[in-house]
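Undergrad: File name structure.cif; file contents mmCIF, C-alpha atoms; full text below.
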```
data_structure
#
loop_
_atom_site.label_atom_id
_atom_site.label_comp_id
_atom_site.auth_asym_id
_atom_site.auth_seq_id
_atom_site.Cartn_x
_atom_site.Cartn_y
_atom_site.Cartn_z
CA MET A 107 13.86 88.25 15.97
CA PRO A 108 17.10 89.26 17.72
CA LEU A 109 20.04 90.45 15.65
CA PRO A 110 22.32 87.47 16.43
CA VAL A 111 19.74 85.07 15.02
CA LEU A 112 19.17 87.18 11.92
CA MET A 113 22.91 87.37 11.27
CA GLN A 114 23.27 83.60 11.63
CA LEU A 115 20.36 83.07 9.24
CA ARG A 116 21.99 85.38 6.72
CA GLU A 117 25.08 83.17 6.78
CA ASP A 118 23.10 79.93 6.75
CA LEU A 119 21.13 80.94 3.67
CA LEU A 120 24.37 80.60 1.68
CA ASP A 121 26.41 78.08 3.66
CA LEU A 122 24.93 75.86 6.36
CA LYS A 123 27.47 74.32 8.74
CA GLY A 124 30.33 74.63 6.25
CA THR A 125 28.66 72.53 3.57
CA GLY A 126 28.69 75.24 0.92
CA ILE A 127 24.93 74.77 0.53
CA GLY A 128 22.30 76.94 2.21
CA ILE A 129 19.45 75.76 4.44
CA LEU A 130 16.89 76.36 1.70
CA GLU A 131 18.63 73.86 -0.60
CA HIS A 132 19.54 71.01 1.75
CA SER A 133 17.59 67.77 1.50
CA HIS A 134 15.49 66.99 4.56
CA ARG A 135 16.77 63.39 4.41
CA GLN A 136 20.50 64.14 4.51
CA PRO A 137 22.84 64.14 7.55
CA THR A 138 23.17 67.93 7.66
CA TYR A 139 19.44 68.38 8.13
CA ASP A 140 19.42 65.45 10.57
CA ARG A 141 21.70 67.62 12.73
CA VAL A 142 19.49 70.70 12.29
CA LEU A 143 16.42 68.79 13.40
CA ALA A 144 18.13 67.02 16.29
CA GLU A 145 19.58 70.30 17.56
CA ALA A 146 16.19 72.02 17.34
CA VAL A 147 14.45 69.22 19.27
CA GLU A 148 17.14 69.04 21.94
CA SER A 149 17.33 72.83 22.36
CA CYS A 150 13.55 73.01 22.68
CA ARG A 151 13.59 70.30 25.34
CA VAL A 152 16.32 72.10 27.31
CA LEU A 153 14.76 75.56 27.00
CA GLY A 154 11.27 74.40 27.88
CA GLU A 155 12.39 71.85 30.48
CA VAL A 156 10.17 69.44 28.55
CA PRO A 157 9.74 66.02 30.23
CA ASP A 158 10.80 62.89 28.38
CA ASP A 159 7.22 61.64 28.01
CA PHE A 160 6.34 64.59 25.75
CA GLU A 161 6.89 64.55 21.99
CA ILE A 162 8.28 67.69 20.31
CA LEU A 163 6.77 68.17 16.85
CA PHE A 164 7.26 70.74 14.11
CA VAL A 165 4.08 70.88 12.05
CA SER A 166 3.44 72.81 8.84
CA GLY A 167 0.95 75.67 9.06
CA GLY A 168 -0.07 78.06 11.79
CA ALA A 169 -2.12 77.78 14.95
CA THR A 170 -5.38 77.68 13.02
CA ASN A 171 -4.31 74.33 11.58
CA GLN A 172 -3.84 73.00 15.10
CA MET A 173 -7.28 74.26 16.09
CA ALA A 174 -8.69 71.71 13.64
CA LEU A 175 -6.13 68.93 14.16
CA ILE A 176 -6.59 68.86 17.94
CA PRO A 177 -10.28 67.84 17.84
CA LEU A 178 -9.65 65.53 14.90
CA ASN A 179 -7.08 63.67 17.01
CA LEU A 180 -8.63 63.95 20.47
CA LEU A 181 -12.39 64.54 20.29
CA PRO A 182 -14.50 61.45 19.51
CA ASP A 183 -17.87 61.55 17.77
CA GLY A 184 -20.49 62.32 20.40
CA GLY A 185 -17.85 63.55 22.84
CA VAL A 186 -17.47 66.91 24.59
CA ALA A 187 -14.52 69.29 24.83
CA ASP A 188 -14.38 72.47 26.94
CA TYR A 189 -13.30 75.74 25.33
CA PRO A 190 -13.41 78.81 27.59
CA ASP A 191 -13.80 81.82 25.28
CA THR A 192 -11.40 84.55 26.29
CA GLU A 193 -10.93 86.37 22.99
CA VAL A 194 -10.44 86.22 19.23
CA TRP A 195 -8.21 83.13 19.09
CA SER A 196 -10.18 81.01 21.53
CA ALA A 197 -13.36 82.02 19.72
CA LYS A 198 -11.75 80.95 16.46
CA ALA A 199 -10.73 77.63 18.02
CA ILE A 200 -14.36 77.05 19.00
CA VAL A 201 -15.48 77.53 15.39
CA GLU A 202 -12.71 75.31 14.05
CA GLY A 203 -13.49 72.59 16.58
CA ARG A 204 -17.16 72.54 15.69
CA ASP A 205 -16.38 72.39 11.98
CA ALA A 206 -13.77 69.66 12.43
CA VAL A 207 -16.02 67.32 14.44
CA PRO A 208 -19.64 68.38 13.93
CA SER A 209 -20.91 65.26 15.69
CA ALA A 210 -19.26 66.32 18.96
CA THR A 211 -20.02 69.17 21.38
CA ILE A 212 -17.76 72.14 21.94
CA ALA A 213 -18.86 73.40 25.36
CA VAL A 214 -18.11 77.01 26.32
CA PRO A 215 -17.89 77.18 30.12
CA PHE A 216 -16.84 80.85 30.08
CA GLU A 217 -18.14 83.46 27.61
CA GLY A 218 -15.74 86.36 27.76
CA LYS A 219 -17.58 88.29 25.08
CA LYS A 220 -20.21 89.16 27.69
CA PHE A 221 -17.49 91.11 29.52
CA ARG A 222 -15.90 92.63 26.41
CA TYR A 223 -13.05 90.20 26.97
CA ASP A 224 -11.66 92.30 29.80
CA HIS A 225 -10.64 89.29 31.91
CA VAL A 226 -10.04 85.56 31.97
CA PRO A 227 -12.16 83.38 34.27
CA ALA A 228 -11.30 83.41 37.93
CA VAL A 229 -11.52 80.27 40.04
CA GLY A 230 -15.20 79.39 40.36
CA GLU A 231 -16.26 81.52 37.39
CA MET A 232 -16.73 78.55 35.08
CA THR A 233 -17.96 74.99 35.48
CA PRO A 234 -15.85 72.48 33.55
CA THR A 235 -17.47 69.43 31.98
CA ALA A 236 -16.90 66.13 33.77
CA GLY A 237 -15.60 63.51 31.39
CA ALA A 238 -14.63 65.97 28.66
CA ALA A 239 -12.08 64.78 26.11
CA TYR A 240 -9.92 67.81 26.95
CA MET A 241 -10.06 71.51 27.85
CA HIS A 242 -8.55 73.96 25.35
CA TYR A 243 -7.53 77.48 26.35
CA CYS A 244 -5.43 80.38 25.05
CA SER A 245 -2.95 81.39 27.75
CA ASN A 246 -2.19 84.92 26.51
CA ASN A 247 -4.79 86.94 24.63
CA THR A 248 -3.13 89.35 22.26
CA VAL A 249 -6.04 91.61 21.29
CA HIS A 250 -7.37 92.83 24.65
CA GLY A 251 -4.17 92.07 26.54
CA THR A 252 -5.27 89.46 29.09
CA ARG A 253 -3.47 86.42 30.42
CA PHE A 254 -4.07 83.31 32.50
CA HIS A 255 -1.49 83.82 35.24
CA THR A 256 -2.22 80.25 36.34
CA PRO A 257 -3.72 77.55 34.10
CA PRO A 258 -7.50 77.05 34.26
CA ILE A 259 -8.75 74.07 36.22
CA ALA A 260 -10.36 71.38 34.10
CA ALA A 261 -12.58 68.62 35.48
CA ALA A 262 -10.75 65.79 37.23
CA GLY A 263 -8.75 63.68 34.80
CA VAL A 264 -9.42 65.95 31.79
CA PRO A 265 -6.27 66.81 29.76
CA LEU A 266 -5.41 70.50 29.42
CA VAL A 267 -4.44 71.80 25.95
CA CYS A 268 -2.89 75.27 25.66
CA ASP A 269 -2.49 77.67 22.75
CA ALA A 270 0.63 79.55 23.84
CA SER A 271 1.37 81.13 20.45
CA SER A 272 1.96 84.64 21.78
CA GLU A 273 4.00 83.78 24.86
CA ILE A 274 5.73 80.43 24.34
CA PHE A 275 8.90 80.38 26.49
CA GLY A 276 8.15 83.88 27.74
CA ARG A 277 7.71 82.15 31.10
CA PRO A 278 8.14 78.58 32.35
CA ILE A 279 5.44 76.01 31.52
CA ASP A 280 4.04 73.79 34.25
CA TRP A 281 4.07 70.45 32.45
CA SER A 282 2.37 68.70 35.34
CA LYS A 283 -0.79 70.64 34.47
CA HIS A 284 -0.69 70.33 30.67
CA ALA A 285 -1.08 67.47 28.23
CA MET A 286 -0.36 69.57 25.12
CA VAL A 287 1.04 73.03 24.42
CA TYR A 288 1.22 74.44 20.92
CA ALA A 289 2.36 77.68 19.36
CA ALA A 290 2.50 79.25 15.94
CA ALA A 291 6.12 80.17 15.33
CA GLN A 292 5.95 83.80 14.24
CA LYS A 293 5.68 85.49 17.65
CA HIS A 294 8.56 83.98 19.64
CA LEU A 295 10.06 81.23 17.50
CA GLY A 296 10.92 82.85 14.20
CA VAL A 297 8.98 82.75 10.96
CA ALA A 298 5.40 81.98 9.97
CA ALA A 299 3.96 78.80 8.41
CA MET A 300 5.15 76.39 11.11
CA SER A 301 3.83 75.44 14.55
CA LEU A 302 5.54 73.86 17.51
CA VAL A 303 3.45 71.14 19.18
CA ILE A 304 4.60 69.62 22.48
CA ALA A 305 2.29 66.78 23.45
CA ARG A 306 2.26 64.02 26.03
CA ARG A 307 2.96 60.78 24.22
CA ASP A 308 0.04 58.83 25.66
CA LEU A 309 -2.38 61.60 24.60
CA ILE A 310 -1.55 61.42 20.90
CA ARG A 311 -0.54 57.78 20.48
CA ASN A 312 -4.03 56.59 19.54
CA PRO A 313 -6.06 59.17 17.58
CA VAL A 314 -9.80 58.82 18.18
CA ARG A 315 -10.44 58.27 14.46
CA ARG A 316 -8.59 57.12 11.37
CA LEU A 317 -6.81 60.12 9.87
CA PRO A 318 -4.62 60.92 6.87
CA SER A 319 -1.01 60.87 7.98
CA MET A 320 -0.58 64.66 7.75
CA PHE A 321 -3.51 65.12 10.16
CA SER A 322 -2.21 62.67 12.76
CA TYR A 323 0.06 63.92 15.51
CA TRP A 324 1.27 60.39 16.11
CA SER A 325 2.35 60.09 12.48
CA HIS A 326 4.35 63.30 12.88
CA ALA A 327 5.92 61.86 16.03
CA THR A 328 6.86 58.49 14.57
CA LEU A 329 8.25 60.05 11.37
CA GLU A 330 10.31 62.77 13.09
CA SER A 331 8.20 65.70 11.88
CA ARG A 332 8.98 64.88 8.25
CA ILE A 333 6.11 62.91 6.79
CA ASN A 334 6.81 64.97 3.70
CA THR A 335 9.33 67.75 3.10
CA PRO A 336 8.99 69.82 6.28
CA PRO A 337 9.39 73.61 6.59
CA THR A 338 13.14 73.23 6.99
CA PHE A 339 13.93 76.95 7.11
CA ALA A 340 11.30 77.60 9.80
CA ILE A 341 12.53 74.64 11.87
CA HIS A 342 16.15 75.77 11.61
CA THR A 343 15.09 79.29 12.60
CA ALA A 344 13.21 77.94 15.61
CA GLY A 345 16.32 75.99 16.61
CA LEU A 346 18.39 79.17 16.50
CA MET A 347 15.75 80.98 18.53
CA PHE A 348 15.74 78.22 21.16
CA ARG A 349 19.51 78.42 21.50
CA TRP A 350 19.45 82.22 21.67
CA MET A 351 16.86 82.12 24.46
CA ILE A 352 18.94 79.54 26.34
CA SER A 353 22.04 81.74 26.01
CA GLU A 354 20.06 84.69 27.41
CA GLY A 355 19.00 82.80 30.53
CA GLY A 356 15.95 80.80 29.45
CA ALA A 357 12.24 81.15 30.13
CA ARG A 358 12.63 82.31 33.73
CA GLU A 359 14.90 85.15 32.64
CA PHE A 360 12.51 86.18 29.87
CA GLU A 361 9.65 86.18 32.36
CA ARG A 362 11.65 88.60 34.52
CA ARG A 363 12.50 90.79 31.51
CA ASN A 364 8.97 90.81 30.14
CA ASP A 365 7.53 91.74 33.53
CA ALA A 366 10.04 94.59 33.81
CA LYS A 367 9.23 95.89 30.33
CA ALA A 368 5.50 95.73 30.97
CA ALA A 369 5.81 97.47 34.35
CA LEU A 370 7.22 100.56 32.61
CA ILE A 371 4.12 100.88 30.43
CA TYR A 372 1.49 99.92 33.01
CA GLU A 373 2.95 102.43 35.47
CA ILE A 374 2.25 105.23 32.99
CA ILE A 375 -1.26 103.95 32.21
CA ASP A 376 -2.14 103.66 35.89
CA GLY A 377 -0.71 107.08 36.72
CA SER A 378 -2.26 108.94 33.80
CA GLY A 379 -5.51 109.88 35.55
CA GLY A 380 -7.55 108.26 32.79
CA PHE A 381 -5.64 109.77 29.86
CA TYR A 382 -4.62 106.20 29.02
CA ARG A 383 -7.16 103.44 29.74
CA GLY A 384 -6.24 99.77 29.72
CA LEU A 385 -8.63 97.27 28.11
CA SER A 386 -8.07 94.51 30.67
CA ARG A 387 -8.69 94.21 34.38
CA PRO A 388 -5.45 94.71 36.34
CA GLU A 389 -5.46 91.19 37.81
CA CYS A 390 -5.52 89.68 34.30
CA ARG A 391 -3.08 91.95 32.50
CA SER A 392 -0.69 90.49 29.97
CA PRO A 393 2.98 91.50 30.16
CA ILE A 394 3.37 90.51 26.51
CA ASN A 395 0.55 92.46 24.81
CA ILE A 396 -0.47 95.76 26.41
CA SER A 397 -3.72 97.11 24.95
CA PHE A 398 -5.06 100.54 25.82
CA ARG A 399 -7.05 103.47 24.52
CA LEU A 400 -6.88 107.22 24.80
CA GLN A 401 -9.84 109.53 25.32
CA SER A 402 -11.03 109.51 21.70
CA GLU A 403 -10.42 107.73 18.42
CA ALA A 404 -8.93 110.93 17.04
CA LEU A 405 -6.41 110.98 19.88
CA ASP A 406 -5.66 107.28 19.29
CA LYS A 407 -4.86 108.08 15.67
CA ARG A 408 -2.68 111.05 16.60
CA PHE A 409 -0.78 108.88 19.06
CA ILE A 410 -0.14 106.20 16.43
CA ASP A 411 0.89 108.71 13.77
CA GLU A 412 3.28 110.58 16.04
CA ALA A 413 4.70 107.35 17.44
CA THR A 414 5.42 106.13 13.92
CA ARG A 415 7.29 109.35 13.15
CA ALA A 416 9.27 108.74 16.35
CA GLU A 417 10.24 105.29 14.95
CA LEU A 418 7.87 103.44 17.27
CA ASP A 419 6.04 101.31 14.74
CA GLY A 420 3.29 98.68 14.86
CA LEU A 421 1.31 100.26 17.72
CA ALA A 422 -2.14 100.24 16.13
CA GLY A 423 -4.53 98.01 18.07
CA HIS A 424 -6.10 94.90 16.58
CA ARG A 425 -9.10 95.62 14.36
CA ASP A 426 -11.41 93.89 16.86
CA ALA A 427 -10.42 96.18 19.74
CA GLY A 428 -8.99 99.35 18.22
CA GLY A 429 -6.89 101.70 20.27
CA ILE A 430 -3.21 101.01 20.89
CA ARG A 431 -1.32 97.76 21.39
CA ALA A 432 2.30 97.41 22.45
CA SER A 433 3.67 93.90 21.92
CA LEU A 434 6.71 93.12 24.07
CA TYR A 435 7.77 89.72 22.78
CA ASN A 436 10.98 88.07 23.99
CA ALA A 437 13.16 89.64 21.32
CA MET A 438 11.98 93.18 22.18
CA PRO A 439 14.77 94.70 24.30
CA LEU A 440 14.16 96.76 27.44
CA GLU A 441 15.24 99.84 25.48
CA GLY A 442 12.19 99.49 23.26
CA ALA A 443 9.84 99.63 26.24
CA GLN A 444 11.80 102.54 27.69
CA ALA A 445 11.45 104.46 24.41
CA LEU A 446 7.70 103.86 24.35
CA ALA A 447 7.33 104.91 27.98
CA SER A 448 9.21 108.14 27.28
CA PHE A 449 7.02 108.85 24.25
CA MET A 450 3.84 108.19 26.25
CA ARG A 451 4.90 110.69 28.93
CA ASP A 452 5.67 113.35 26.34
CA PHE A 453 2.45 112.73 24.43
CA MET A 454 0.36 113.02 27.60
CA ARG A 455 2.16 116.22 28.59
CA LYS A 456 1.42 117.79 25.20
CA ASN A 457 -2.16 116.52 24.80
CA GLY A 458 -3.49 115.98 28.33
#
```
Could you show the structure in this file as structure tokens?

TA:
Amino acid sequence: MPLPVLMQLREDLLDLKGTGIGILEHSHRQPTYDRVLAEAVESCRVLGEVPDDFEILFVSGGATNQMALIPLNLLPDGGVADYPDTEVWSAKAIVEGRDAVPSATIAVPFEGKKFRYDHVPAVGEMTPTAGAAYMHYCSNNTVHGTRFHTPPIAAAGVPLVCDASSEIFGRPIDWSKHAMVYAAAQKHLGVAAMSLVIARRDLIRNPVRRLPSMFSYWSHATLESRINTPPTFAIHTAGLMFRWMISEGGAREFERRNDAKAALIYEIIDGSGGFYRGLSRPECRSPINISFRLQSEALDKRFIDEATRAELDGLAGHRDAGGIRASLYNAMPLEGAQALASFMRDFMRKNG
């Protein structure tokens, strides 16, 4: 998170909006929290340029919860939903979908594992299912560092559902092509244990089965994301993050910044003569998560150890891919990417 948001949170832990009571102690039914919630919803709508026919929901739990709630709300018994598999999180969504509605079919029109997840499907590389309840995809794949630069094309009339956990508001969202976008909060929106769900009202109004209220998106919508005591601290934090991103220029500005940060790192990888090797095909590269390897596991480890001593932390790759991973989320300043680029040049000079 950026320093201005952290400093505001520090103040709000003790005294929220001059009430003398901190955010952790305020009732979720009192006027002060009414303001917190209203400001978070409005700031989200402004930042994301969210159309009026979309509901903005704050739901307890992470993205894995949504991977089960989506089919419970949208996938009827005996129905079909498309899930292109582009990496760990889409593969997990497939498992969750099948467990949530075992009487339905989770179709996999693209199996990225066959390609070591080095790319997302190009146009014509998958055949969507006609009449599917929806197509679910993960727009930015954090482990191998791939991204859908344009949304996948579902069959005619099939709603598109996007897991944007790792890049939400890191670029504009084309709402004309999506019926639902969701994101776990901890990458771009603040703290863990809460998810943002932005869903077209007509999609969630009538769940395909009777559900407990906490499992129903429409219940969350009609009860203002507070069926029970909501994660008030996480929602307040998200509201502060929305307003910070607006003050910095919004999603279009963060897209420009993220592309600039990523270009510094990819330039070194591409010009290293194979010393650094990216895990993804160039046409599918993510500007948010840059995954690469060196020429041996021993050299990977040396890179990570020396980077840590140089105060460049958190560069170990995901356990499913190994190697190195640089995550350039919205709050990462350009200076962070510049420092990594400088370290990579020096490390290659000393070890190449």

Undergrad: Could you please determine the separation between atom CA of A:Phe221 and atom CA of A:Thr256 in Å, to one decimal place?

TA: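 Those two atoms sit 19.9 Å apart.
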
Undergrad: Any idea what's packed within 9 Å of A:Leu370, counting all atoms listed in the file, ignoring anything in its chain fewer than 4 positions away? Could you give it as a list in words?

TA: Asp365, Ala366, Ile374, Ala443, Gln444, Leu446 and Ala447 of chain A

Undergrad: Can you list, as an MDAnalysis selection string, the residues that the PyMOL selection byres ((chain A and resi 212) around 8) selects here?

TA: chainID A and resid 186:189 200 203:204 210:211 213:214

Undergrad: Expanded to explicit residues, what is the PyMOL selection byres ((chain A and resi 147) around 12) for this file, as a tab-separated table (two decimals) with C-alpha atoms, in the coordinates of the input?

TA:
```tsv
chain	number	residue	atom	x	y	z
A	140	ASP	CA	19.42	65.45	10.57
A	141	ARG	CA	21.70	67.62	12.73
A	142	VAL	CA	19.49	70.70	12.29
A	143	LEU	CA	16.42	68.79	13.40
A	144	ALA	CA	18.13	67.02	16.29
A	145	GLU	CA	19.58	70.30	17.56
A	146	ALA	CA	16.19	72.02	17.34
A	148	GLU	CA	17.14	69.04	21.94
A	149	SER	CA	17.33	72.83	22.36
A	150	CYS	CA	13.55	73.01	22.68
A	151	ARG	CA	13.59	70.30	25.34
A	152	VAL	CA	16.32	72.10	27.31
A	153	LEU	CA	14.76	75.56	27.00
A	154	GLY	CA	11.27	74.40	27.88
A	155	GLU	CA	12.39	71.85	30.48
A	156	VAL	CA	10.17	69.44	28.55
A	158	ASP	CA	10.80	62.89	28.38
A	160	PHE	CA	6.34	64.59	25.75
A	161	GLU	CA	6.89	64.55	21.99
A	162	ILE	CA	8.28	67.69	20.31
A	163	LEU	CA	6.77	68.17	16.85
A	164	PHE	CA	7.26	70.74	14.11
A	302	LEU	CA	5.54	73.86	17.51
A	303	VAL	CA	3.45	71.14	19.18
A	304	ILE	CA	4.60	69.62	22.48
A	327	ALA	CA	5.92	61.86	16.03
A	330	GLU	CA	10.31	62.77	13.09
A	331	SER	CA	8.20	65.70	11.88
A	341	ILE	CA	12.53	74.64	11.87
A	342	HIS	CA	16.15	75.77	11.61
A	344	ALA	CA	13.21	77.94	15.61
A	345	GLY	CA	16.32	75.99	16.61
A	346	LEU	CA	18.39	79.17	16.50
A	347	MET	CA	15.75	80.98	18.53
A	348	PHE	CA	15.74	78.22	21.16
A	349	ARG	CA	19.51	78.42	21.50
```

Undergrad: Evaluate the PyMOL selection byres ((chain A and resi 358) around 9) on the structure here and hand back the selected residues as a ChimeraX atom specification.

TA: /A:275-278,355-357,359-363
